[in-house]
Amino acid sequence: MGRGVKDQWDFGELFAPEQMRRVWTVSELTLQIRRLLEQQIGQVWVGGEISNLRIQSSGHIYFTLKDAAAQIACVLFRGENITRRDLLADGQKVVVCGDLTVYEPRGQYQLVIRALEFQGLGALQLAFEQLKKKLAAEGLFARERKRPLPPYPRRIGLVTSPTGAAIRDVLHVARRRNPMLEFVLVPCRVQGDGAAGEIAAAIRLLNEFAFAPVPEPPPSQGLLRVPPPRLDVILVTRGGGSLEDLWAFNEEVVARAIAASALPVVSAVGHEIDFTISDFVADVRAATPSAAAEILTENVHASRDFLAQVPGLLKDRLLRHLDRSRETLSAWLTRLQRVHPRRRLEEAWQRWDELIARLQRAQCATHTLRLQRWQHLVHRLHQARPLARLQHQRRLLETACARLRQAVRHQLQHRNQRWSAARSRLALLGPEQVLARGYSLTFDAESGRLIRSAGEVQPGRPILTRLHRGKILSRVEHTQPPDNASSRPGRESEPRKT
């Protein structure tokens with residue numbers, strides 16, 4: 001209520017003062033909740049099933065731990081000392097120990113994992129890894145010891161339970177793809193105590209049967225008939241199940257029996273995701289029993305029905321491709337939904353708008369700057385007057401061309417004059433001019449050698465004399481050696497006319 005009125009103009013307070021209250025920020029409230037959870041609950045052990053497993057490139061692992069009614073987010077950081085991280089998968093049941101806290105940016109409570117145990121599979125998985133390392137060190141998994149399967153097997157030794165689903169799948173596929181294929185079944189247990197020993201004994205029994213001597217038929221049966229081979233390959237198989245159900249195929253005795261087998265061994269245990277020690281030791285591993293039967297009948301089936309099944313194969317491949325594409329698309333959609341894309345999309349939109357605005361401003365600024373530079377260049381161009389300079393340079397070029405042509409003509413005239421003078425001198429000094437003045441040249445008529453001295457010829461030798469006009473053939477009657485006067489230097493002796 002308002003206060004009392006003191007005078008006629010004092011109307012009092014129209015509204016009562018507001019009650020004092022505290023307004024929390026989101027950060028303060030989230031921090032308070034985090035402190036309460038960490039102080040009141042702290043570190044706890046929680047069991048459940050893994051889902052939405054995500055392994056980041058940084059090494060951190062994020063997943064959701066759930067049961068039938070609730071779920072909680074979990075994070076396993078890279079620095080935690082937890083082994084066998086590679087065994088984590090969706091659907092895996094685990095027991096984890098972690099600190100309960102709140103991830104403040106999202107306001108979500110979560111477990112920070114400090115310890116992790118695989119529920120029901122820890123001991124078996126450890127034994128599996130130890131045996132795998134031991135046999136790998138001995139070379140039982142080496143690729144070099146793997147033997148190829150026969151291309152067209154006719155008789156197969158089968159090691160499995162006679163009542164299981166695996167034998168029905170194998171026989172169904174084999175009869176459909178190759179009705180002539182024969183099986184020799186050695187029944188045995190495929191799970192439980194003693195199953196591993198029965199499997200190893202069955203493998204050894206098939207090897208003994210395959211290489212046992214074949215008895216000859218009695219003579220009364222007529223011609224000898226070549227019996228078919230006892231066995232071509234051994235198939236060890238069973239249907240899917242848990243790790244405990246498949247454990248018989250992880251025993252060392254089974255691995256040793258497969259490694260010692262003289263026949264190639266195909267292992268088809270469980271489903272596609274199941275791997276056992278027998279798969280690593282065997283020569284060929286098939287994902288399922290049906291897949292093993294398909295592998296063993298692949299060549300016969302392909303060679304018999306290839307042409308007839310080409311349309312169907314193309315259709316199947318297309319459907320598988322579509323299924324894989326659909327699964328890939330579904331996985332991407334699931335991942336897209338999982339990472340909350342709306343927030344990233346909104347932030348991307350905002351950044352896009354900011355970048356567009358910055359780009360527009362940058363374009364305007366760049367356009368203005370380039371316009372200013374262009375105007376400045378135009379102004380400088382007008383001041384420089386390139387047309388007048390070009391005309392001046394053209395006039396200079398024409399003048400230089402005229403001078404060059406004049407110099408070339410002058411040089412040609414000078415060269416012609418020198419050539420004419422040299423030609424005249426050469427004509428005056430040539431042998432034709434000497435012969436024209438009454439001189440002659442005498443040659444040996446047989447060898448054509450020029451005679452320079454009378455001692456170079458003998459009497460009776462034919463000689464050829466060349467005059468300015470014509471030649472004279474004559475014979476030497478006698479020779480006269482040159483006298484002293486004519487042999488003195490400085491005087492020329494006249495040629496002797498014959």
# chains A, B, ... in the order shown; residues from 1 in each chain; ligands from 1
$ residues_around --residues "Val233 in chain A" --least-positions-apart "5" --cutoff "7 Å" --atoms "only C-alpha atoms" --output "list in words"
Ile156, Gly157, Leu263, Pro264 and Val265 of chain A
$ write_last_selection --atoms "N, CA and C atoms" --output "mmCIF file, in the first residue's frame"
data_model
loop_
_atom_site.group_PDB
_atom_site.id
_atom_site.type_symbol
_atom_site.label_atom_id
_atom_site.label_comp_id
_atom_site.auth_asym_id
_atom_site.auth_seq_id
_atom_site.Cartn_x
_atom_site.Cartn_y
_atom_site.Cartn_z
ATOM 1 N N ILE A 156 34.109 -82.316 -50.968
ATOM 2 C CA ILE A 156 34.513 -81.383 -49.901
ATOM 3 C C ILE A 156 34.264 -82.046 -48.559
ATOM 4 N N GLY A 157 35.263 -81.962 -47.684
ATOM 5 C CA GLY A 157 35.091 -82.411 -46.313
ATOM 6 C C GLY A 157 34.474 -81.306 -45.476
ATOM 7 N N LEU A 263 45.361 -80.642 -46.684
ATOM 8 C CA LEU A 263 44.387 -80.129 -47.635
ATOM 9 C C LEU A 263 44.134 -78.644 -47.359
ATOM 10 N N PRO A 264 43.803 -77.877 -48.382
ATOM 11 C CA PRO A 264 43.417 -76.483 -48.131
ATOM 12 C C PRO A 264 42.175 -76.424 -47.247
ATOM 13 N N VAL A 265 42.150 -75.433 -46.360
ATOM 14 C CA VAL A 265 41.069 -75.291 -45.389
ATOM 15 C C VAL A 265 40.398 -73.945 -45.599
#
$ closest_atom_pairs --of "range 186-277 of chain A" --to "range 138-154 of chain A" --cutoff "12 Å" --atoms "only C-alpha atoms" --output "Markdown table"
| residue | atom | partner | partner_atom | distance |
| --- | --- | --- | --- | --- |
| A:Pro227 | CA | A:Arg154 | CA | 11.9 |
| A:Pro228 | CA | A:Arg154 | CA | 8.2 |
| A:Pro229 | CA | A:Arg154 | CA | 8.0 |
| A:Arg230 | CA | A:Arg154 | CA | 9.1 |
| A:Leu231 | CA | A:Arg154 | CA | 7.7 |
| A:Asp232 | CA | A:Pro153 | CA | 5.7 |
| A:Val233 | CA | A:Pro153 | CA | 7.3 |
| A:Ile234 | CA | A:Leu149 | CA | 10.0 |
| A:Leu235 | CA | A:Leu149 | CA | 11.2 |
| A:Glu252 | CA | A:Leu140 | CA | 11.4 |
| A:Ala255 | CA | A:Leu140 | CA | 8.6 |
| A:Arg256 | CA | A:Leu140 | CA | 8.7 |
| A:Ala257 | CA | A:Leu140 | CA | 11.3 |
| A:Ile258 | CA | A:Leu140 | CA | 9.7 |
| A:Ala259 | CA | A:Leu140 | CA | 6.8 |
| A:Ala260 | CA | A:Leu140 | CA | 10.0 |
| A:Ser261 | CA | A:Arg147 | CA | 11.0 |
| A:Ala262 | CA | A:Arg147 | CA | 9.9 |
| A:Leu263 | CA | A:Arg147 | CA | 8.8 |
| A:Pro264 | CA | A:Arg147 | CA | 6.2 |
| A:Val265 | CA | A:Leu149 | CA | 8.4 |
| A:Val266 | CA | A:Leu149 | CA | 8.7 |
| A:Ile277 | CA | A:Phe141 | CA | 9.4 |
$ write_last_selection --atoms "N, CA and C atoms" --output "JSON list (two decimals), in the first residue's frame"
[["chain", "number", "residue", "atom", "x", "y", "z"],
["A", 227, "PRO", "N", 39.00, -94.05, -59.61],
["A", 227, "PRO", "CA", 38.11, -93.48, -58.60],
["A", 227, "PRO", "C", 38.31, -91.98, -58.49],
["A", 228, "PRO", "N", 37.30, -91.27, -58.11],
["A", 228, "PRO", "CA", 37.46, -89.83, -57.91],
["A", 228, "PRO", "C", 38.35, -89.55, -56.71],
["A", 229, "PRO", "N", 38.89, -88.37, -56.62],
["A", 229, "PRO", "CA", 39.75, -88.05, -55.47],
["A", 229, "PRO", "C", 38.94, -88.12, -54.18],
["A", 230, "ARG", "N", 39.61, -88.51, -53.13],
["A", 230, "ARG", "CA", 38.91, -88.64, -51.85],
["A", 230, "ARG", "C", 38.33, -87.29, -51.39],
["A", 231, "LEU", "N", 39.21, -86.27, -51.31],
["A", 231, "LEU", "CA", 38.79, -84.93, -50.88],
["A", 231, "LEU", "C", 39.63, -83.89, -51.62],
["A", 232, "ASP", "N", 39.02, -82.75, -51.86],
["A", 232, "ASP", "CA", 39.74, -81.62, -52.49],
["A", 232, "ASP", "C", 40.00, -80.49, -51.52],
["A", 233, "VAL", "N", 39.12, -80.27, -50.58],
["A", 233, "VAL", "CA", 39.24, -79.15, -49.66],
["A", 233, "VAL", "C", 38.41, -79.45, -48.42],
["A", 234, "ILE", "N", 38.74, -78.80, -47.32],
["A", 234, "ILE", "CA", 38.01, -78.96, -46.05],
["A", 234, "ILE", "C", 37.34, -77.63, -45.72],
["A", 235, "LEU", "N", 36.06, -77.69, -45.35],
["A", 235, "LEU", "CA", 35.30, -76.51, -44.95],
["A", 235, "LEU", "C", 34.95, -76.64, -43.48],
["A", 252, "GLU", "N", 43.64, -73.01, -29.37],
["A", 252, "GLU", "CA", 44.92, -73.29, -30.03],
["A", 252, "GLU", "C", 44.92, -74.65, -30.71],
["A", 255, "ALA", "N", 43.53, -74.27, -34.15],
["A", 255, "ALA", "CA", 44.49, -73.56, -35.02],
["A", 255, "ALA", "C", 45.62, -74.48, -35.44],
["A", 256, "ARG", "N", 46.14, -75.30, -34.51],
["A", 256, "ARG", "CA", 47.22, -76.23, -34.87],
["A", 256, "ARG", "C", 46.74, -77.27, -35.88],
["A", 257, "ALA", "N", 45.52, -77.77, -35.71],
["A", 257, "ALA", "CA", 45.00, -78.77, -36.63],
["A", 257, "ALA", "C", 44.84, -78.19, -38.03],
["A", 258, "ILE", "N", 44.35, -76.96, -38.14],
["A", 258, "ILE", "CA", 44.20, -76.33, -39.46],
["A", 258, "ILE", "C", 45.56, -76.10, -40.10],
["A", 259, "ALA", "N", 46.54, -75.64, -39.30],
["A", 259, "ALA", "CA", 47.88, -75.40, -39.85],
["A", 259, "ALA", "C", 48.54, -76.68, -40.31],
["A", 260, "ALA", "N", 48.26, -77.82, -39.63],
["A", 260, "ALA", "CA", 48.88, -79.09, -40.00],
["A", 260, "ALA", "C", 48.14, -79.82, -41.11],
["A", 261, "SER", "N", 47.00, -79.30, -41.55],
["A", 261, "SER", "CA", 46.22, -79.99, -42.56],
["A", 261, "SER", "C", 46.96, -79.97, -43.90],
["A", 262, "ALA", "N", 46.98, -81.14, -44.57],
["A", 262, "ALA", "CA", 47.59, -81.22, -45.90],
["A", 262, "ALA", "C", 46.66, -80.73, -46.99],
["A", 263, "LEU", "N", 45.36, -80.64, -46.68],
["A", 263, "LEU", "CA", 44.39, -80.13, -47.64],
["A", 263, "LEU", "C", 44.13, -78.64, -47.36],
["A", 264, "PRO", "N", 43.80, -77.88, -48.38],
["A", 264, "PRO", "CA", 43.42, -76.48, -48.13],
["A", 264, "PRO", "C", 42.18, -76.42, -47.25],
["A", 265, "VAL", "N", 42.15, -75.43, -46.36],
["A", 265, "VAL", "CA", 41.07, -75.29, -45.39],
["A", 265, "VAL", "C", 40.40, -73.95, -45.60],
["A", 266, "VAL", "N", 39.06, -73.99, -45.64],
["A", 266, "VAL", "CA", 38.25, -72.77, -45.72],
["A", 266, "VAL", "C", 37.54, -72.62, -44.39],
["A", 277, "ILE", "N", 40.31, -67.15, -34.59],
["A", 277, "ILE", "CA", 41.68, -67.59, -34.87],
["A", 277, "ILE", "C", 41.71, -68.51, -36.07]]
$ select_by_dssp --residues "range 95-340 of chain A" --states "alpha helix (DSSP H)" --output "ChimeraX atom specification"
/A:122-138,165-177,195-210,252-260,277-281,289-296,298-338
$ atom_distance --atom1 "CA of Gln119 in chain A" --atom2 "CA of Val96 in chain A"
9.6 Å
$ atom_distance --atom1 "CA of Glu456 in chain A" --atom2 "CA of Tyr439 in chain A"
19.4 Å
$ select_by_dssp --residues "range 25-54 of chain A" --states "strand (DSSP E)" --output "PyMOL selection string"
chain A and resi 43-54
$ write_last_selection --atoms "N, CA and C atoms" --output "CSV table (one decimal), in the first residue's frame"
chain,number,residue,atom,x,y,z
A,43,GLN,N,32.7,-39.0,-8.9
A,43,GLN,CA,33.1,-40.1,-9.8
A,43,GLN,C,32.2,-41.3,-9.5
A,44,VAL,N,31.7,-41.9,-10.6
A,44,VAL,CA,30.7,-43.0,-10.4
A,44,VAL,C,31.1,-44.1,-11.4
A,45,TRP,N,30.6,-45.3,-11.2
A,45,TRP,CA,30.6,-46.4,-12.1
A,45,TRP,C,29.2,-46.6,-12.7
A,46,VAL,N,29.2,-46.7,-14.1
A,46,VAL,CA,27.9,-46.8,-14.8
A,46,VAL,C,28.1,-47.9,-15.9
A,47,GLY,N,27.0,-48.7,-16.0
A,47,GLY,CA,27.0,-49.7,-17.0
A,47,GLY,C,25.9,-49.5,-18.0
A,48,GLY,N,26.2,-49.8,-19.3
A,48,GLY,CA,25.2,-49.6,-20.3
A,48,GLY,C,25.8,-50.0,-21.7
A,49,GLU,N,25.0,-49.6,-22.7
A,49,GLU,CA,25.4,-50.0,-24.1
A,49,GLU,C,25.8,-48.8,-24.9
A,50,ILE,N,26.9,-48.9,-25.7
A,50,ILE,CA,27.4,-47.8,-26.4
A,50,ILE,C,26.6,-47.6,-27.7
A,51,SER,N,26.4,-46.3,-27.9
A,51,SER,CA,25.7,-45.9,-29.2
A,51,SER,C,26.3,-44.6,-29.6
A,52,ASN,N,26.1,-44.2,-30.9
A,52,ASN,CA,26.5,-43.0,-31.5
A,52,ASN,C,28.0,-42.8,-31.2
A,53,LEU,N,28.8,-43.8,-31.5
A,53,LEU,CA,30.2,-43.7,-31.3
A,53,LEU,C,30.9,-42.9,-32.3
A,54,ARG,N,31.7,-41.9,-31.9
A,54,ARG,CA,32.4,-41.0,-32.8
A,54,ARG,C,33.9,-40.9,-32.4
$ closest_residue --among "A:Pro481, A:Gly79, A:Pro289, A:Gly270" --to "Leu158 in chain A" --atoms "only C-alpha atoms"
A:Pro289
$ closest_residue --among "A:Ala400, A:Leu313, A:Val102, A:Leu246" --to "Leu29 in chain A" --atoms "only C-alpha atoms"
A:Val102
$ atom_distance --atom1 "CA of Ile72 in chain A" --atom2 "CA of Trp332 in chain A"
23.2 Å
$ residues_around --residues "Ile55 in chain A" --least-positions-apart "6" --cutoff "12 Å" --atoms "only C-alpha atoms" --output "ChimeraX atom specification"
/A:61-63,75-78,85-86,88-90
$ write_last_selection --atoms "N, CA and C atoms" --output "compact mmCIF listing (two decimals), in the first residue's frame"
# COMPACT_ATOMS: atom_id res chain seq x y z
N ILE A 61 37.33 -39.68 -28.12
CA ILE A 61 36.21 -40.55 -28.49
C ILE A 61 34.97 -40.05 -27.76
N TYR A 62 33.89 -39.88 -28.51
CA TYR A 62 32.61 -39.45 -27.95
C TYR A 62 31.57 -40.52 -28.25
N PHE A 63 30.75 -40.85 -27.24
CA PHE A 63 29.68 -41.81 -27.44
C PHE A 63 28.60 -41.58 -26.39
N VAL A 75 32.63 -38.94 -22.81
CA VAL A 75 33.79 -38.53 -23.58
C VAL A 75 35.01 -39.23 -23.01
N LEU A 76 35.82 -39.80 -23.90
CA LEU A 76 37.06 -40.48 -23.53
C LEU A 76 38.19 -39.74 -24.22
N PHE A 77 38.99 -39.02 -23.42
CA PHE A 77 40.04 -38.21 -23.99
C PHE A 77 41.25 -39.07 -24.37
N ARG A 78 42.04 -38.54 -25.26
CA ARG A 78 43.16 -39.28 -25.81
C ARG A 78 44.20 -39.62 -24.76
N ARG A 85 41.14 -49.54 -27.21
CA ARG A 85 40.15 -48.58 -27.66
C ARG A 85 39.53 -49.00 -28.99
N ASP A 86 40.29 -49.78 -29.78
CA ASP A 86 39.78 -50.18 -31.08
C ASP A 86 38.62 -51.16 -30.99
N LEU A 88 35.98 -50.64 -29.14
CA LEU A 88 34.74 -49.90 -28.90
C LEU A 88 33.92 -49.86 -30.18
N ALA A 89 32.63 -50.14 -30.05
CA ALA A 89 31.73 -50.14 -31.20
C ALA A 89 30.31 -49.95 -30.71
N ASP A 90 29.45 -49.49 -31.62
CA ASP A 90 28.04 -49.35 -31.28
C ASP A 90 27.44 -50.70 -30.91
$ closest_residue --among "A:Ala454, A:Ala357, A:Ala293, A:Leu333" --to "Pro179 in chain A" --atoms "only C-alpha atoms"
A:Ala293
$ residues_around --residues "Leu435 in chain A" --least-positions-apart "6" --cutoff "12 Å" --atoms "only C-alpha atoms" --output "NGL selection string"
:A and (428-429 or 441-442 or 465-471 or 495)
$ write_last_selection --atoms "C-alpha atoms" --output "compact mmCIF listing (two decimals), in the first residue's frame"
# COMPACT_ATOMS: atom_id res chain seq x y z
CA LEU A 428 97.31 -6.70 -118.38
CA LEU A 429 99.22 -9.15 -116.17
CA LEU A 441 105.12 -21.66 -123.87
CA THR A 442 106.77 -25.02 -124.57
CA THR A 465 104.58 -24.98 -128.37
CA ARG A 466 101.64 -22.74 -127.45
CA LEU A 467 101.46 -19.36 -129.23
CA HIS A 468 99.05 -16.44 -128.85
CA ARG A 469 97.01 -18.00 -131.61
CA GLY A 470 97.38 -21.75 -132.07
CA LYS A 471 99.86 -24.48 -131.16
CA PRO A 495 112.93 -18.15 -125.81
